[in-house]
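Next comes query_34.tsv, a file with TSV, C-alpha atoms and all ligand atoms.
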```tsv
chain	number	residue	atom	x	y	z
A	14	MET	CA	-33.99	-0.08	-32.63
A	15	ILE	CA	-32.11	-3.08	-31.32
A	16	ILE	CA	-32.07	-5.92	-33.79
A	17	SER	CA	-30.20	-9.18	-34.16
A	18	ALA	CA	-27.86	-10.13	-36.98
A	19	ASP	CA	-30.60	-12.43	-38.29
A	20	ASP	CA	-32.70	-9.34	-39.05
A	21	LEU	CA	-30.19	-7.76	-41.45
A	22	GLN	CA	-31.74	-9.12	-44.66
A	23	ARG	CA	-35.17	-8.06	-43.48
A	24	ILE	CA	-33.89	-4.54	-42.76
A	25	ARG	CA	-32.47	-4.32	-46.28
A	26	GLU	CA	-35.79	-5.39	-47.76
A	27	LYS	CA	-37.74	-3.00	-45.57
A	28	HIS	CA	-35.67	-0.02	-46.76
A	29	ILE	CA	-35.53	-0.68	-50.47
A	30	GLY	CA	-35.06	2.61	-52.24
A	31	GLN	CA	-33.33	4.14	-49.22
A	32	LYS	CA	-29.61	4.38	-48.70
A	33	ILE	CA	-28.29	2.26	-45.86
A	34	VAL	CA	-25.06	3.18	-44.11
A	35	TYR	CA	-23.22	0.63	-42.03
A	36	CYS	CA	-20.42	1.02	-39.50
A	37	SER	CA	-19.02	-1.03	-36.65
A	38	GLY	CA	-16.97	-0.67	-33.52
A	39	SER	CA	-16.54	-1.71	-29.92
A	40	PHE	CA	-17.90	1.57	-28.41
A	41	ASP	CA	-16.66	0.62	-24.99
A	42	LEU	CA	-17.04	4.02	-23.35
A	43	VAL	CA	-19.35	6.07	-25.51
A	44	HIS	CA	-18.18	9.64	-25.93
A	45	ALA	CA	-18.72	12.65	-28.13
A	46	GLY	CA	-16.19	11.31	-30.66
A	47	HIS	CA	-18.55	8.43	-31.42
A	48	ILE	CA	-21.51	10.73	-31.77
A	49	LEU	CA	-19.64	12.98	-34.20
A	50	PHE	CA	-18.66	9.89	-36.16
A	51	PHE	CA	-22.28	8.67	-36.33
A	52	GLU	CA	-23.46	12.11	-37.42
A	53	ASP	CA	-20.89	12.07	-40.22
A	54	CYS	CA	-21.95	8.55	-41.23
A	55	LYS	CA	-25.59	9.55	-41.38
A	56	LYS	CA	-24.77	12.24	-43.94
A	57	TYR	CA	-24.15	9.45	-46.48
A	58	GLY	CA	-27.61	7.96	-46.41
A	59	ASP	CA	-31.05	7.56	-44.85
A	60	ILE	CA	-30.61	4.67	-42.47
A	61	LEU	CA	-27.67	4.05	-40.14
A	62	VAL	CA	-27.00	0.51	-38.95
A	63	VAL	CA	-24.30	0.01	-36.33
A	64	SER	CA	-22.79	-3.23	-35.14
A	65	VAL	CA	-21.37	-3.42	-31.64
A	66	GLY	CA	-18.44	-5.72	-30.91
A	67	LYS	CA	-19.01	-8.81	-28.79
A	68	ASP	CA	-17.40	-8.88	-25.36
A	69	SER	CA	-15.24	-11.84	-26.35
A	70	SER	CA	-13.84	-10.16	-29.44
A	71	ILE	CA	-13.03	-6.92	-27.60
A	72	ARG	CA	-11.27	-8.90	-24.91
A	73	LYS	CA	-9.08	-10.41	-27.63
A	74	ASN	CA	-8.42	-7.14	-29.45
A	75	LYS	CA	-7.96	-4.72	-26.56
A	76	GLY	CA	-6.68	-7.00	-23.85
A	77	GLU	CA	-7.17	-7.51	-20.14
A	78	GLY	CA	-9.91	-5.52	-18.45
A	79	ARG	CA	-11.70	-4.60	-21.67
A	80	PRO	CA	-14.46	-4.10	-22.44
A	81	ILE	CA	-15.27	-1.99	-19.43
A	82	LEU	CA	-18.99	-2.16	-20.19
A	83	ASN	CA	-20.64	-5.37	-21.32
A	84	GLU	CA	-22.16	-5.82	-24.76
A	85	ARG	CA	-25.77	-5.38	-23.61
A	86	VAL	CA	-24.95	-2.02	-22.03
A	87	ARG	CA	-22.96	-0.87	-25.05
A	88	LEU	CA	-25.70	-1.98	-27.45
A	89	LYS	CA	-28.40	-0.19	-25.47
A	90	THR	CA	-26.34	3.01	-25.37
A	91	ILE	CA	-25.53	3.03	-29.08
A	92	ASP	CA	-29.11	2.26	-30.00
A	93	SER	CA	-30.32	5.29	-28.06
A	94	LEU	CA	-28.17	7.76	-30.01
A	95	LYS	CA	-30.04	10.05	-32.37
A	96	PRO	CA	-28.29	9.26	-35.66
A	97	VAL	CA	-28.53	5.48	-35.11
A	98	ASP	CA	-31.52	3.65	-36.60
A	99	TYR	CA	-30.55	0.06	-35.88
A	100	ALA	CA	-27.94	-1.53	-33.64
A	101	PHE	CA	-26.98	-5.14	-33.21
A	102	ILE	CA	-24.29	-7.24	-31.62
A	103	ASN	CA	-21.96	-8.90	-34.04
A	104	PRO	CA	-22.63	-12.54	-33.33
A	105	VAL	CA	-19.53	-14.06	-34.85
A	106	SER	CA	-16.79	-14.60	-32.35
A	107	VAL	CA	-13.38	-13.62	-33.57
A	108	GLU	CA	-11.08	-16.54	-34.09
A	109	GLY	CA	-7.92	-15.64	-35.95
A	110	LYS	CA	-9.72	-14.00	-38.83
A	111	GLN	CA	-10.79	-10.79	-37.17
A	112	LEU	CA	-12.94	-9.42	-39.92
A	113	ASN	CA	-15.21	-12.41	-40.51
A	114	THR	CA	-17.88	-10.47	-38.60
A	115	LEU	CA	-17.74	-7.84	-41.30
A	116	GLU	CA	-18.41	-10.35	-44.07
A	117	LEU	CA	-21.65	-11.34	-42.41
A	118	ALA	CA	-22.87	-7.77	-42.15
A	119	LEU	CA	-21.90	-6.76	-45.68
A	120	ASP	CA	-23.39	-9.92	-47.17
A	121	ASN	CA	-26.74	-9.80	-45.38
A	122	LEU	CA	-27.35	-6.08	-45.01
A	123	LYS	CA	-25.91	-5.12	-48.40
A	124	PRO	CA	-25.44	-1.51	-47.27
A	125	ASP	CA	-24.90	1.29	-49.75
A	126	PHE	CA	-21.99	2.59	-47.73
A	127	TYR	CA	-19.60	1.00	-45.29
A	128	ILE	CA	-17.87	3.67	-43.25
A	129	ILE	CA	-14.69	3.34	-41.23
A	130	ASN	CA	-12.43	5.68	-39.33
A	131	GLU	CA	-8.99	6.44	-40.70
A	132	ASP	CA	-7.45	4.66	-37.70
A	133	ALA	CA	-9.39	1.39	-38.11
A	134	PHE	CA	-7.16	-1.67	-37.97
A	135	ASP	CA	-6.52	-3.74	-41.13
A	136	THR	CA	-7.93	-1.23	-43.60
A	137	LYS	CA	-6.63	-3.32	-46.50
A	138	THR	CA	-8.85	-6.32	-45.71
A	139	ARG	CA	-11.81	-4.03	-45.20
A	140	ILE	CA	-11.31	-2.51	-48.66
A	141	GLU	CA	-11.09	-5.98	-50.21
A	142	LEU	CA	-14.22	-7.19	-48.48
A	143	ALA	CA	-16.20	-4.10	-49.44
A	144	LYS	CA	-15.15	-4.66	-53.03
A	145	LYS	CA	-16.10	-8.36	-52.85
A	146	PHE	CA	-19.65	-7.50	-51.76
A	147	GLY	CA	-19.98	-4.45	-54.00
A	148	VAL	CA	-20.26	-1.98	-51.14
A	149	GLU	CA	-18.80	1.51	-51.32
A	150	LEU	CA	-16.23	2.02	-48.58
A	151	VAL	CA	-15.75	5.48	-47.08
A	152	ILE	CA	-12.79	6.33	-44.86
A	153	LEU	CA	-13.56	9.24	-42.55
A	154	ASN	CA	-10.89	11.47	-41.10
A	155	ARG	CA	-11.00	11.94	-37.38
A	156	ASN	CA	-11.95	15.56	-37.55
A	157	CYS	CA	-13.04	16.49	-34.08
A	158	PRO	CA	-13.76	20.20	-33.81
A	159	PRO	CA	-11.32	21.88	-31.41
A	160	GLU	CA	-13.98	22.32	-28.73
A	161	PHE	CA	-14.13	18.51	-28.55
A	162	GLU	CA	-10.84	17.03	-27.55
A	163	ASN	CA	-9.51	14.26	-29.71
A	164	ILE	CA	-10.91	11.62	-27.38
A	165	SER	CA	-11.07	7.85	-27.32
A	166	ALA	CA	-12.00	5.25	-24.72
A	167	THR	CA	-8.30	4.49	-24.29
A	168	LYS	CA	-7.54	8.17	-23.63
A	169	ILE	CA	-10.42	8.40	-21.14
A	170	ILE	CA	-9.03	5.40	-19.28
A	171	GLU	CA	-5.60	7.08	-19.16
A	172	LYS	CA	-7.17	10.20	-17.71
A	173	ILE	CA	-8.94	8.20	-15.00
A	174	LYS	CA	-5.70	6.41	-14.14
A	175	ASN	CA	-4.03	9.76	-13.61
A	176	LEU	CA	-6.67	11.08	-11.22
A	177	PRO	CA	-5.44	11.68	-7.67
A	178	ASP	CA	-5.90	8.65	-5.42
A	179	LYS	CA	-8.42	10.34	-3.17
A	180	ILE	CA	-10.84	10.72	-6.07
A	181	LYS	CA	-10.28	7.19	-7.38
A	182	SER	CA	-11.29	5.33	-4.25
A	183	SER	CA	-14.50	7.01	-3.33
A	184	MET	CA	-15.20	5.53	0.11
A	185	LYS	CA	-12.73	6.47	2.80
A	186	LYS	CA	-11.50	4.55	5.79
A	187	ALA	CA	-11.29	6.06	9.23
A	188	ILE	CA	-10.00	5.47	12.70
A	189	PHE	CA	-12.47	6.69	15.29
A	190	LEU	CA	-10.71	7.60	18.50
A	191	ASP	CA	-12.07	8.25	21.92
A	192	ARG	CA	-10.62	11.43	23.38
A	193	ASP	CA	-9.93	11.06	27.10
A	194	GLY	CA	-7.74	8.12	27.93
A	195	VAL	CA	-6.84	7.65	24.26
A	196	ILE	CA	-5.68	10.86	22.58
A	197	ASN	CA	-5.54	12.85	25.77
A	198	ASP	CA	-4.14	11.18	28.86
A	199	ASP	CA	-6.61	11.18	31.70
A	200	GLU	CA	-4.07	11.22	34.49
A	201	LYS	CA	-6.53	12.74	36.89
A	202	ASP	CA	-9.48	10.66	35.76
A	203	GLU	CA	-11.80	13.64	36.01
A	204	PHE	CA	-13.76	15.82	33.65
A	205	ILE	CA	-11.39	17.73	31.45
A	206	TYR	CA	-12.39	21.30	30.84
A	207	LYS	CA	-9.34	23.37	31.65
A	208	LYS	CA	-6.28	23.92	29.49
A	209	ASP	CA	-4.11	22.53	32.25
A	210	ASP	CA	-5.91	19.20	32.07
A	211	ILE	CA	-4.67	18.53	28.56
A	212	PHE	CA	-1.84	16.07	28.37
A	213	VAL	CA	-0.84	14.50	25.11
A	214	ARG	CA	2.09	12.13	24.97
A	215	THR	CA	4.67	12.61	22.20
A	216	SER	CA	4.31	8.90	21.43
A	217	SER	CA	0.57	9.36	20.84
A	218	LYS	CA	1.23	12.17	18.41
A	219	GLU	CA	3.70	9.96	16.51
A	220	SER	CA	1.18	7.11	16.46
A	221	LEU	CA	-1.55	9.32	15.08
A	222	ARG	CA	0.82	10.53	12.38
A	223	LYS	CA	1.52	6.93	11.37
A	224	MET	CA	-2.19	6.16	11.25
A	225	LYS	CA	-2.75	9.14	9.01
A	226	ASP	CA	0.10	8.02	6.76
A	227	LYS	CA	-1.71	4.71	6.34
A	228	GLY	CA	-4.53	6.62	4.69
A	229	TYR	CA	-7.02	6.78	7.55
A	230	LEU	CA	-9.13	9.77	8.44
A	231	LEU	CA	-8.75	10.40	12.16
A	232	ILE	CA	-12.02	11.23	13.85
A	233	CYS	CA	-12.47	11.87	17.52
A	234	ILE	CA	-15.72	10.62	19.04
A	235	THR	CA	-16.20	11.85	22.58
A	236	ASN	CA	-18.92	11.88	25.23
A	237	GLN	CA	-18.74	15.16	27.13
A	238	PRO	CA	-21.49	14.94	29.74
A	239	LEU	CA	-19.83	17.78	31.63
A	240	ILE	CA	-21.80	20.01	29.29
A	241	ALA	CA	-24.99	18.43	30.59
A	242	ARG	CA	-23.70	18.95	34.10
A	243	GLY	CA	-23.30	22.66	33.39
A	244	LEU	CA	-19.55	22.57	33.98
A	245	ALA	CA	-18.60	23.76	30.52
A	246	SER	CA	-20.32	25.06	27.41
A	247	GLU	CA	-20.16	23.37	24.02
A	248	LYS	CA	-17.94	26.22	22.89
A	249	GLU	CA	-15.51	25.68	25.74
A	250	VAL	CA	-15.31	21.98	24.93
A	251	GLU	CA	-14.63	22.88	21.33
A	252	GLU	CA	-11.79	25.13	22.45
A	253	ILE	CA	-10.29	22.28	24.48
A	254	ASN	CA	-10.61	20.03	21.42
A	255	ASN	CA	-8.86	22.61	19.28
A	256	LEU	CA	-6.04	22.86	21.81
A	257	ILE	CA	-5.65	19.09	21.90
A	258	ASN	CA	-5.60	19.04	18.13
A	259	GLN	CA	-2.93	21.75	18.02
A	260	LYS	CA	-0.74	19.72	20.33
A	261	ILE	CA	-0.93	16.72	18.02
A	262	GLY	CA	-0.24	18.68	14.86
A	263	ASN	CA	-3.91	19.02	13.83
A	264	LEU	CA	-4.08	15.39	12.81
A	265	ILE	CA	-7.70	14.96	13.87
A	266	ASP	CA	-10.00	15.64	10.93
A	267	ARG	CA	-13.01	16.37	13.10
A	268	PHE	CA	-14.24	16.07	16.67
A	269	TYR	CA	-17.76	14.84	17.34
A	270	ILE	CA	-19.12	15.61	20.80
A	271	CYS	CA	-22.10	14.21	22.65
A	272	PRO	CA	-23.02	16.92	25.18
A	273	HIS	CA	-25.93	14.93	26.62
A	274	HIS	CA	-26.71	12.91	29.68
A	275	PRO	CA	-29.91	10.96	30.22
A	276	GLU	CA	-30.38	11.61	33.95
A	277	MET	CA	-31.97	14.73	35.35
A	278	HIS	CA	-29.98	15.42	38.50
A	279	PRO	CA	-31.42	18.02	40.86
A	280	ASP	CA	-28.26	20.18	40.83
A	281	VAL	CA	-28.26	20.81	37.08
A	282	PRO	CA	-28.21	24.54	36.32
A	283	GLU	CA	-31.06	25.87	34.23
A	284	HIS	CA	-28.95	26.53	31.10
A	285	ALA	CA	-27.77	22.90	30.97
A	286	LYS	CA	-31.17	21.27	31.34
A	287	LYS	CA	-31.68	21.02	27.58
A	288	TYR	CA	-28.81	18.49	27.46
A	289	ARG	CA	-30.54	16.17	29.89
A	290	ILE	CA	-32.02	13.89	27.30
A	291	VAL	CA	-31.75	10.36	26.02
A	292	CYS	CA	-29.92	10.89	22.75
A	293	ASN	CA	-28.57	8.62	20.04
A	294	CYS	CA	-25.07	10.07	20.08
A	295	ARG	CA	-23.88	9.22	23.59
A	296	LYS	CA	-21.65	6.15	23.38
A	297	PRO	CA	-22.39	3.23	23.48
A	298	SER	CA	-24.93	4.50	20.92
A	299	PRO	CA	-23.32	4.73	17.50
A	300	GLY	CA	-24.85	8.09	16.46
A	301	MET	CA	-21.60	10.02	16.21
A	302	LEU	CA	-19.94	7.34	14.09
A	303	ILE	CA	-22.92	7.18	11.77
A	304	THR	CA	-22.97	10.97	11.36
A	305	ALA	CA	-19.22	11.03	10.69
A	306	ALA	CA	-19.56	8.21	8.13
A	307	LYS	CA	-22.17	10.28	6.26
A	308	ASP	CA	-20.19	13.52	6.52
A	309	PHE	CA	-16.95	11.99	5.21
A	310	ASP	CA	-18.26	9.12	3.04
A	311	ILE	CA	-16.59	6.53	5.24
A	312	ASP	CA	-16.72	2.79	4.68
A	313	LEU	CA	-17.26	1.60	8.26
A	314	LYS	CA	-16.22	-1.95	7.38
A	315	LYS	CA	-12.74	-0.67	6.55
A	316	SER	CA	-12.65	1.45	9.71
A	317	TRP	CA	-11.63	1.11	13.34
A	318	MET	CA	-12.78	2.33	16.72
A	319	ILE	CA	-10.12	2.72	19.38
A	320	GLY	CA	-11.22	3.42	22.92
A	321	ASP	CA	-10.47	2.76	26.55
A	322	MET	CA	-14.03	1.95	27.63
A	323	ILE	CA	-16.31	-0.86	26.67
A	324	THR	CA	-18.88	1.75	25.61
A	325	ASP	CA	-16.41	2.82	22.87
A	326	ILE	CA	-16.14	-0.78	21.76
A	327	ILE	CA	-19.91	-1.28	21.65
A	328	ALA	CA	-20.36	1.88	19.54
A	329	GLY	CA	-17.67	0.68	17.13
A	330	LYS	CA	-18.88	-2.90	16.87
A	331	SER	CA	-22.48	-1.95	16.28
A	332	THR	CA	-21.50	-0.05	13.12
A	333	GLY	CA	-19.26	-2.80	11.73
A	334	CYS	CA	-15.93	-1.21	12.65
A	335	LYS	CA	-13.13	-3.32	14.02
A	336	THR	CA	-12.37	-2.38	17.60
A	337	ILE	CA	-9.34	-2.03	19.85
A	338	LEU	CA	-9.53	-1.52	23.59
A	339	ILE	CA	-6.47	0.20	24.99
A	340	LYS	CA	-5.30	0.55	28.55
A	341	SER	CA	-5.80	3.81	30.39
A	342	LYS	CA	-5.87	5.19	33.90
A	343	SER	CA	-9.65	5.13	34.07
A	344	ASN	CA	-10.16	1.66	32.78
A	345	SER	CA	-7.59	0.24	35.17
A	346	ARG	CA	-9.37	1.94	38.02
A	347	LEU	CA	-12.92	1.41	36.82
A	348	ILE	CA	-12.19	-2.11	35.73
A	349	LYS	CA	-15.89	-2.78	35.06
A	350	SER	CA	-15.92	-0.13	32.34
A	351	ALA	CA	-13.26	-2.03	30.50
A	352	MET	CA	-14.83	-5.46	30.84
A	353	PRO	CA	-16.92	-6.93	28.05
A	354	PHE	CA	-20.52	-7.47	29.17
A	355	ASP	CA	-20.94	-10.38	26.79
A	356	ILE	CA	-19.52	-11.77	23.59
A	357	ASN	CA	-21.13	-8.97	21.50
A	358	THR	CA	-19.28	-6.32	23.45
A	359	LYS	CA	-15.92	-8.05	23.37
A	360	PRO	CA	-13.23	-5.96	21.65
A	361	ASP	CA	-11.69	-7.48	18.53
A	362	PHE	CA	-8.24	-6.59	19.87
A	363	TYR	CA	-6.51	-5.29	22.97
A	364	ALA	CA	-3.50	-2.98	22.97
A	365	ASP	CA	-1.42	-1.25	25.62
A	366	ASN	CA	-1.43	2.10	23.83
A	367	LEU	CA	-1.82	3.74	20.43
A	368	SER	CA	1.56	2.69	19.11
A	369	ASP	CA	0.69	-0.90	19.97
A	370	ALA	CA	-2.60	-0.49	18.16
A	371	ILE	CA	-0.88	0.42	14.88
A	372	LYS	CA	0.53	-3.08	14.50
A	373	LEU	CA	-3.01	-4.44	14.70
A	374	LEU	CA	-4.14	-2.25	11.80
A	375	ASP	CA	-1.64	-4.02	9.60
A	376	ILE	CA	-2.15	-7.62	10.61
A	377	SER	CA	-5.88	-7.48	10.09
A	378	ALA	CA	-6.05	-5.04	7.18
B	401	MG	MG	-12.17	7.46	27.34
B	402	ZN	ZN	-25.74	12.83	22.75
```
Go through the file and emit its structure as structure tokens.
Amino acid sequence: MIISADDLQRIREKHIGQKIVYCSGSFDLVHAGHILFFEDCKKYGDILVVSVGKDSSIRKNKGEGRPILNERVRLKTIDSLKPVDYAFINPVSVEGKQLNTLELALDNLKPDFYIINEDAFDTKTRIELAKKFGVELVILNRNCPPEFENISATKIIEKIKNLPDKIKSSMKKAIFLDRDGVINDDEKDEFIYKKDDIFVRTSSKESLRKMKDKGYLLICITNQPLIARGLASEKEVEEINNLINQKIGNLIDRFYICPHHPEMHPDVPEHAKKYRIVCNCRKPSPGMLITAAKDFDIDLKKSWMIGDMITDIIAGKSTGCKTILIKSKSNSRLIKSAMPFDINTKPDFYADNLSDAIKLLDISA
């Protein structure tokens, strides 16, 4: 039960004839070591009362960044543990004399036992205070069974610090890249479905490598309506994607394809008719970006969309990505495709090519 320090005398009176055990601590990250300690404490009596250190005193004792969990959370956690009967927050703030909180507890609760760990700080003062209030002091050894490691909050924090970076920062950042005109040069400005149509510049490969080194996932987001036209199958497009990826050192983490097209042309072969739908993945719709964000746990606000068409920009902007429009053969020819329709479709940045785009990642990171 959660109590306040004002209740201590009342608790003593309520449990006359029973043995009260008292202990204290900061209990910042509760772990099995604490539970073993409480179980050992409980062996000394009938009622276990635990005081939980105030945030302000822990900050003074353990330094910057501590406690990790605030006093209400720590109190609630301790109170819920099986061996604990009462828990309260030590109300006295620590000014110079660190153990004045202890005096209050010993004086008001008058426990039968006051239990500390062998590694408690200032054991000497604790012994003196226990003597002053006529309380029996017990010093417990830290005797964690071997199946429990000898743990402490400080050791847990060390372990977390040593985790690999990719686990520490859970949400990832990504650069979404259009395929044709961005990764793959679209010299011919036609549908690309033959091996011979693939053309990747060495400079693009180097740029993608630099992006990857900056910690971005690289995800290709491409409309491939040629599937809906019946010119290639999804599998064939996948093969082309794999070939492109091989040429750039497999730097692309995944390709997302929209095979659809909304218009039902009369010349569409039967097998391709299923792709003639209004979908939510064809850019400018953001479906592929949203799927990728779910698949990879991507923080879209930390991410970018790089494309050569305004439809790429719209898809990126509508999900909160920053956007870069780069020059390509098709957007110089189809100038309308590269022109913002209105302020909401305006790219955040323009760049000549991918290596130009890298500088933008840094200035607006
Ligand atoms: Mg393109
Ligand atoms: Zn689609």
With only C-alpha atoms as the counted atoms, please give the residues lying no more than 10 Å from Ile265 (chain A), apart from itself and same-chain residues fewer than 2 positions off, as a count of residues only. 21
Select, counting only C-alpha atoms, all protein, DNA and RNA residues no farther than 10 Å from (-3.8, -2.7, 17.1) in file coordinates, and express the selection as a list of chain:residue names.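 Protein and nucleic acid residues near the point are A:Trp317, A:Ile319, A:Lys335, A:Thr336, A:Ile337, A:Leu338, A:Ile339, A:Asp361, A:Phe362, A:Tyr363, A:Ala364, A:Asp365, A:Asn366, A:Leu367, A:Ser368, A:Asp369, A:Ala370, A:Ile371, A:Lys372, A:Leu373, A:Leu374, A:Asp375, A:Ile376, A:Ser377.
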Quick one: residues within 9 Å of region 162-165 of chain A, all atoms listed in the file, excluding same-chain residues fewer than 2 positions away - as a short mmCIF file (atom, residue, chain, number, x, y, z; two decimals) with C-alpha atoms, keeping the file's coordinate frame?
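Below you can see result-v3.cif, which holds the result:
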```cif
data_model
loop_
_atom_site.label_atom_id
_atom_site.label_comp_id
_atom_site.auth_asym_id
_atom_site.auth_seq_id
_atom_site.Cartn_x
_atom_site.Cartn_y
_atom_site.Cartn_z
CA LEU A 42 -17.04 4.02 -23.35
CA VAL A 43 -19.35 6.07 -25.51
CA HIS A 44 -18.18 9.64 -25.93
CA ALA A 45 -18.72 12.65 -28.13
CA GLY A 46 -16.19 11.31 -30.66
CA HIS A 47 -18.55 8.43 -31.42
CA ARG A 155 -11.00 11.94 -37.38
CA ASN A 156 -11.95 15.56 -37.55
CA CYS A 157 -13.04 16.49 -34.08
CA PRO A 158 -13.76 20.20 -33.81
CA PRO A 159 -11.32 21.88 -31.41
CA GLU A 160 -13.98 22.32 -28.73
CA THR A 167 -8.30 4.49 -24.29
CA LYS A 168 -7.54 8.17 -23.63
CA ILE A 169 -10.42 8.40 -21.14
CA ILE A 170 -9.03 5.40 -19.28
#
```
What's around Gly38 (chain A) at 7 Å? Count only C-alpha atoms, leave out sequence neighbours fewer than 5 positions away in its own chain, and write the answer as a count of residues only. 3
So how many Å separate CA of Lys32 (chain A) and CA of Lys67 (chain A), to one decimal? 26.1 Å
Site check for ligand ZN 402 (chain B): residues at most 6 Å away, all atoms listed in the file, as a compact mmCIF listing (two decimals) with C-alpha atoms, keeping the file's coordinate frame:
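File produced: selection.txt:
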```txt
# COMPACT_ATOMS: atom_id res chain seq x y z
CA CYS A 271 -22.10 14.21 22.65
CA PRO A 272 -23.02 16.92 25.18
CA HIS A 273 -25.93 14.93 26.62
CA CYS A 292 -29.92 10.89 22.75
CA ASN A 293 -28.57 8.62 20.04
CA CYS A 294 -25.07 10.07 20.08
CA ARG A 295 -23.88 9.22 23.59
```
Could you list, with a cut-off of 6 Å and counting all atoms listed in the file, the residues of chain A near ligand MG 401 (chain B), each shown with its nearest atom pair and the distance in Å rounded to one decimal, rows sorted by chain and ascending number, as a tab-separated table?
```
residue	atom	partner	partner_atom	distance
A:Asp191	CA	B:MG401	MG	5.5
A:Arg192	CA	B:MG401	MG	5.8
A:Asp193	CA	B:MG401	MG	4.2
A:Gly194	CA	B:MG401	MG	4.5
A:Asp321	CA	B:MG401	MG	5.1
A:Met322	CA	B:MG401	MG	5.8
```
Might you pull out every residue within 7 Å of Leu122 (chain A), with only C-alpha atoms counted and same-chain residues fewer than 4 positions away left off, and present them as JSON, numbers by chain? {"A": [21, 22, 25, 118]}
Produce a file of the selected residues containing C-alpha atoms, as a PDB file, keeping the file's coordinate frame.
```pdb
ATOM      1  CA  LEU A  21     -30.190  -7.760 -41.450  1.00  0.00           C
ATOM      2  CA  GLN A  22     -31.740  -9.120 -44.660  1.00  0.00           C
ATOM      3  CA  ARG A  25     -32.470  -4.320 -46.280  1.00  0.00           C
ATOM      4  CA  ALA A 118     -22.870  -7.770 -42.150  1.00  0.00           C
TER       5      ALA A 118
END
```
For a test of reading the model, state the distance in Å between CA of Glu171 (chain A) and CA of Ile129 (chain A), rounded to one decimal. 24.2 Å
Mind rebuilding region 133-148 of chain A with N, CA and C atoms and writing that out as a short mmCIF file (atom, residue, chain, number, x, y, z; two decimals), in the coordinates of the input?
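Written file, selection.cif:
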```cif
data_model
loop_
_atom_site.label_atom_id
_atom_site.label_comp_id
_atom_site.auth_asym_id
_atom_site.auth_seq_id
_atom_site.Cartn_x
_atom_site.Cartn_y
_atom_site.Cartn_z
N ALA A 133 -8.91 2.77 -38.25
CA ALA A 133 -9.39 1.39 -38.11
C ALA A 133 -8.25 0.42 -38.42
N PHE A 134 -8.24 -0.70 -37.70
CA PHE A 134 -7.16 -1.67 -37.97
C PHE A 134 -7.46 -2.45 -39.25
N ASP A 135 -6.43 -2.90 -39.93
CA ASP A 135 -6.52 -3.74 -41.13
C ASP A 135 -7.43 -3.14 -42.22
N THR A 136 -7.13 -1.92 -42.58
CA THR A 136 -7.93 -1.23 -43.60
C THR A 136 -7.92 -2.00 -44.93
N LYS A 137 -6.79 -2.62 -45.21
CA LYS A 137 -6.63 -3.32 -46.50
C LYS A 137 -7.69 -4.42 -46.67
N THR A 138 -7.85 -5.25 -45.64
CA THR A 138 -8.85 -6.32 -45.71
C THR A 138 -10.25 -5.75 -45.83
N ARG A 139 -10.48 -4.66 -45.14
CA ARG A 139 -11.81 -4.03 -45.20
C ARG A 139 -12.13 -3.58 -46.63
N ILE A 140 -11.11 -2.98 -47.28
CA ILE A 140 -11.31 -2.51 -48.66
C ILE A 140 -11.63 -3.69 -49.57
N GLU A 141 -10.87 -4.78 -49.37
CA GLU A 141 -11.09 -5.98 -50.21
C GLU A 141 -12.49 -6.55 -50.02
N LEU A 142 -12.90 -6.61 -48.76
CA LEU A 142 -14.22 -7.19 -48.48
C LEU A 142 -15.34 -6.33 -49.04
N ALA A 143 -15.18 -5.02 -48.91
CA ALA A 143 -16.20 -4.10 -49.44
C ALA A 143 -16.33 -4.31 -50.95
N LYS A 144 -15.17 -4.45 -51.58
CA LYS A 144 -15.15 -4.66 -53.03
C LYS A 144 -15.86 -5.97 -53.39
N LYS A 145 -15.54 -7.03 -52.60
CA LYS A 145 -16.10 -8.36 -52.85
C LYS A 145 -17.64 -8.32 -52.82
N PHE A 146 -18.19 -7.52 -51.89
CA PHE A 146 -19.65 -7.50 -51.76
C PHE A 146 -20.28 -6.30 -52.47
N GLY A 147 -19.47 -5.58 -53.22
CA GLY A 147 -19.98 -4.45 -54.00
C GLY A 147 -20.49 -3.30 -53.16
N VAL A 148 -19.85 -3.07 -52.02
CA VAL A 148 -20.26 -1.98 -51.14
C VAL A 148 -19.24 -0.86 -51.22
#
```
